[in-house]
Amino acid sequence: MSTPFSPSISPSISPSMTPRPLILHLDIDAFFASVEQLRNPRLAGQPVAVGSGVIASCSYEAREHGLKAGMPLGQALRKCPPLVIVRGHESIYRCYATRMFEICHNWSPLVEEHLDEAYCDLTGTERIYPDPAKEIARLRAQIHSTTGLTVTAGLGRNRMFARLIGKFHKPDGLGYLEPEQEEALLLRLPVENLPGVGPRTVEILANLGIEKVEQLRELSRSALAGLLGRNGEALYERCRGEDHRPLGGREIPRSIQRGTSFDEDVSCPRTLDAMIEYLAERAARNLRQRGLEAGGISLQIAHSDHRRDRRRIVLSPPTALDPSIIRTALALRRSMEGRRTAIRFVGIQLDRIRLAATFQQGDLFATDLDTPQTDPQTNQRWKRILEQVDQIRMRHGHGALLRGSALALQCGDNSDAEKRGRVGLERDRHGLILRTSCLTR
Ligand SMILES: [Mg+2]
C-alpha cells in the first residue's frame, strides 16, 4: 500500500483523553515468514517465503523484490532467485499467535482474535491508561520480548480506522488516526481497502468505473444494496467512515477449509479416501479447539484435466465429531465417482459454523447421508475420546496420533515407493505437511 497520508503517533503525543470509542488493532508483521526466521536463525535477514504452490506469507526482505502473498512460487523464484521457500507449519504459528492473544487479554477487557491479528477495545480505559501511546509501546515491547515477533499497531475511533491506519505504519509501527484526519484518509483510498471488499466486489465496482472511496460515495444506499445486497448496505456506511461492528470475544469464522494438492496426480481411491479422512480430521479438530460445530460440509476435487467437482451437503444436526464429518465427506466422494481421471487436488470445507451446543438433540427425520451419527450415546462417547485425543495432540503435535489410513500417506515409512512418490507428503511431529497448506481461514 502506498502512503498517501501518514498521520502518526509519537511516544510523547497521546490521543486526546475525552471518553469515546477507541479501538486498537494489532497485526503481526510477515507472520509465517517471521516465525520461520525465528525458528531458523540462518533465515534471518534472508528473503523467505512460506507456502506451497503459492506464497502464503513472505518476509520483508522478499517483499523488497516485489514478492507478495498469492504469487506463484515459480514466478517468485524468477523475481528473487535467492528466495528460501519453507513449507508451512500451521500449528507452530498458532502457538505464537496464542501467546500474543494471551498478552492482549491481560491488557484489554475485550479482545477479538483473528489468525495473526487482534482487536482490543480501549473504550473507557482512560483512567487506567491515561497515555495510550506509552501503554501500546509497552504492550508491543512485551509481545516482542515474549514471542520475538514485531507487531504493527493502529489506533482509531472504530475497527475500520484502527486497521486502516496500521497499514500505513508497517512493519513494526504505531499509527493513530485523529477523527478530524479520517475524512482526508478515507476519500483518496482505493475501494479495496474498505473492509468487506473482496476481488469480486472490486470487479463489480470497477465495471461501473468506481475505484476510489470518493466515487463510491456517489452511489445511494439503495443502489449499493441493489448491486451488492447486504454487503452493499454495509459498504454505504463504511465509505462514510461508519463501522458499527462490535468486537466479539470469540471469532466465528464463516468456514474452515483444509485442502492439499498432490505432487503427482492420484488415481488410487484408497489413497484419496485416506487424504479425505486426514483433512476432515484436521478441520474437525480446528472446530473443537474453538468450541464450534459445523452445519454443512463440502468436498472439492480437482482432476488432472483441470475439471473441478464440488459437492455440498447439510450436516444435521451440526457436529464437530470426526466420525460424522469423515463419513459424510467419504459419502460425498462416492457420490462424485464416475470420472476416470486422476486427482490433482482435494479439499474439504466446513461451513454454517456456530458455537457448539452443549446438548445435542438427535434428528428424527434424518436420512443416512444427512446424519451419519445420530445416536446421542455414541456421540457422547466420541466426544470424550476426542477430548483426550485433542489433548495429546495439543501437547505432542497432530502427528502424535494418526488414523491407520493416514499412515499410507506418509513419506519415509515403509509404504511402497510408488505410493510415496505419488502422494509425496512429509511428516513432522505436527502431522503431515500439506502441499497446499491452508494457513488462512
Ligand atoms: Mg500480519
# chains A, B, ... in the order shown; residues from 1 in each chain; ligands from 1
call {"tool": "residues_near_ligand", "arguments": {"ligand": "ligand 1", "cutoff": "8 Å", "atoms": "only C-alpha atoms and all ligand atoms", "output": "MDAnalysis selection string"}}
result
chainID A and resid 27:31 116:117 151
call {"tool": "write_last_selection", "arguments": {"atoms": "N, CA, C and O atoms", "output": "PDB file, in the first residue's frame"}}
result
ATOM      1  N   ASP A  27      -1.292  -6.274  14.441  1.00  0.00           N
ATOM      2  CA  ASP A  27      -1.091  -7.201  13.328  1.00  0.00           C
ATOM      3  C   ASP A  27       0.371  -7.657  13.345  1.00  0.00           C
ATOM      4  O   ASP A  27       1.281  -6.833  13.314  1.00  0.00           O
ATOM      5  N   ILE A  28       0.579  -8.963  13.418  1.00  0.00           N
ATOM      6  CA  ILE A  28       1.954  -9.475  13.422  1.00  0.00           C
ATOM      7  C   ILE A  28       2.563  -9.254  12.036  1.00  0.00           C
ATOM      8  O   ILE A  28       1.940  -9.572  11.021  1.00  0.00           O
ATOM      9  N   ASP A  29       3.763  -8.722  11.994  1.00  0.00           N
ATOM     10  CA  ASP A  29       4.416  -8.423  10.711  1.00  0.00           C
ATOM     11  C   ASP A  29       4.905  -9.711  10.049  1.00  0.00           C
ATOM     12  O   ASP A  29       5.605 -10.512  10.681  1.00  0.00           O
ATOM     13  N   ALA A  30       4.551  -9.880   8.783  1.00  0.00           N
ATOM     14  CA  ALA A  30       5.002 -11.024   7.965  1.00  0.00           C
ATOM     15  C   ALA A  30       4.959 -12.320   8.781  1.00  0.00           C
ATOM     16  O   ALA A  30       5.953 -13.041   8.891  1.00  0.00           O
ATOM     17  N   PHE A  31       3.782 -12.611   9.311  1.00  0.00           N
ATOM     18  CA  PHE A  31       3.630 -13.609  10.365  1.00  0.00           C
ATOM     19  C   PHE A  31       4.377 -14.934  10.123  1.00  0.00           C
ATOM     20  O   PHE A  31       5.346 -15.259  10.827  1.00  0.00           O
ATOM     21  N   ASP A 116      -3.627 -13.737  12.787  1.00  0.00           N
ATOM     22  CA  ASP A 116      -2.425 -13.076  13.292  1.00  0.00           C
ATOM     23  C   ASP A 116      -2.729 -11.627  13.662  1.00  0.00           C
ATOM     24  O   ASP A 116      -1.856 -10.778  13.659  1.00  0.00           O
ATOM     25  N   GLU A 117      -3.997 -11.375  13.934  1.00  0.00           N
ATOM     26  CA  GLU A 117      -4.424 -10.015  14.264  1.00  0.00           C
ATOM     27  C   GLU A 117      -5.295 -10.046  15.505  1.00  0.00           C
ATOM     28  O   GLU A 117      -5.954 -11.042  15.775  1.00  0.00           O
ATOM     29  N   VAL A 151       5.012  -6.416  15.965  1.00  0.00           N
ATOM     30  CA  VAL A 151       3.628  -6.179  15.554  1.00  0.00           C
ATOM     31  C   VAL A 151       3.458  -4.719  15.190  1.00  0.00           C
ATOM     32  O   VAL A 151       4.135  -3.838  15.721  1.00  0.00           O
TER      33      VAL A 151
END
call {"tool": "select_by_dssp", "arguments": {"residues": "stretch 194-431 of chain A", "states": "alpha helix (DSSP H)", "output": "JSON, numbers by chain"}}
result
{"A": [199, 200, 201, 202, 203, 204, 205, 206, 207, 213, 214, 215, 216, 221, 222, 223, 224, 225, 226, 227, 228, 230, 231, 232, 233, 234, 235, 236, 237, 238, 269, 270, 271, 272, 273, 274, 275, 276, 277, 278, 279, 280, 281, 282, 283, 284, 285, 286, 287, 288, 289, 322, 323, 324, 325, 326, 327, 328, 329, 330, 331, 332, 333, 334, 335, 376, 377, 378, 379, 380, 381, 382, 383, 384, 385, 386, 387, 388, 389, 390, 391, 392, 393, 394, 395, 396, 404, 405, 406, 407, 417, 418, 419, 420, 421, 422, 423]}
call {"tool": "closest_residue", "arguments": {"among": "A:Gly88, A:Pro323, A:Gly74, A:Pro132", "to": "A:Trp107", "atoms": "only C-alpha atoms"}}
result
A:Pro132
call {"tool": "select_by_dssp", "arguments": {"residues": "stretch 326-358 of chain A", "states": "strand (DSSP E or B)", "output": "ChimeraX atom specification"}}
result
/A:337,339,343-355
call {"tool": "residues_around", "arguments": {"residues": "stretch 93-104 of chain A", "least_positions_apart": "3", "cutoff": "7 Å", "atoms": "only C-alpha atoms", "output": "count of residues only"}}
result
11
call {"tool": "atom_distance", "arguments": {"atom1": "atom CA of A:Ser255", "atom2": "atom CA of A:Ile325"}}
result
14.2 Å
call {"tool": "residues_around", "arguments": {"residues": "A:Met336", "least_positions_apart": "4", "cutoff": "12 Å", "atoms": "only C-alpha atoms", "output": "PyMOL selection string"}}
result
chain A and resi 269+298-303+308-312+329-332+340
call {"tool": "residues_around", "arguments": {"residues": "A:Leu321", "least_positions_apart": "5", "cutoff": "10 Å", "atoms": "only C-alpha atoms", "output": "JSON list (two decimals) with C-alpha atoms, in the first residue's frame"}}
result
[["chain", "number", "residue", "atom", "x", "y", "z"],
["A", 280, "ALA", "CA", -11.62, -33.94, 7.69],
["A", 281, "GLU", "CA", -9.87, -34.80, 10.95],
["A", 284, "ALA", "CA", -12.89, -31.08, 12.80],
["A", 285, "ARG", "CA", -10.11, -30.62, 15.34],
["A", 287, "LEU", "CA", -13.72, -26.68, 15.11],
["A", 288, "ARG", "CA", -13.42, -28.32, 18.53],
["A", 293, "GLU", "CA", -19.55, -27.01, 15.23],
["A", 294, "ALA", "CA", -20.39, -27.09, 11.53],
["A", 326, "ILE", "CA", -15.35, -38.16, 7.90],
["A", 373, "GLN", "CA", -24.08, -40.42, 13.52],
["A", 379, "ASN", "CA", -21.78, -39.15, 20.22],
["A", 380, "GLN", "CA", -21.07, -38.60, 23.90],
["A", 382, "TRP", "CA", -16.83, -39.98, 20.82],
["A", 383, "LYS", "CA", -16.81, -36.55, 22.44],
["A", 386, "LEU", "CA", -11.78, -36.87, 21.07]]
call {"tool": "closest_residue", "arguments": {"among": "A:Cys239, A:Ala49, A:Ile165, A:Ala400", "to": "A:Gly196", "atoms": "only C-alpha atoms"}}
result
A:Cys239
call {"tool": "residues_around", "arguments": {"residues": "A:Gly295", "least_positions_apart": "5", "cutoff": "6 Å", "atoms": "only C-alpha atoms", "output": "PDB file with C-alpha atoms, in the first residue's frame"}}
result
ATOM      1  CA  VAL A 314     -26.016 -30.276   5.181  1.00  0.00           C
ATOM      2  CA  LEU A 315     -24.764 -31.793   8.424  1.00  0.00           C
ATOM      3  CA  PRO A 318     -24.406 -29.730  13.260  1.00  0.00           C
ATOM      4  CA  ARG A 352     -22.609 -22.931   8.626  1.00  0.00           C
TER       5      ARG A 352
END
call {"tool": "residues_around", "arguments": {"residues": "stretch 233-235 of chain A", "least_positions_apart": "6", "cutoff": "9 Å", "atoms": "only C-alpha atoms", "output": "PyMOL selection string"}}
result
chain A and resi 194-197+216+221-222+224-226+242-243
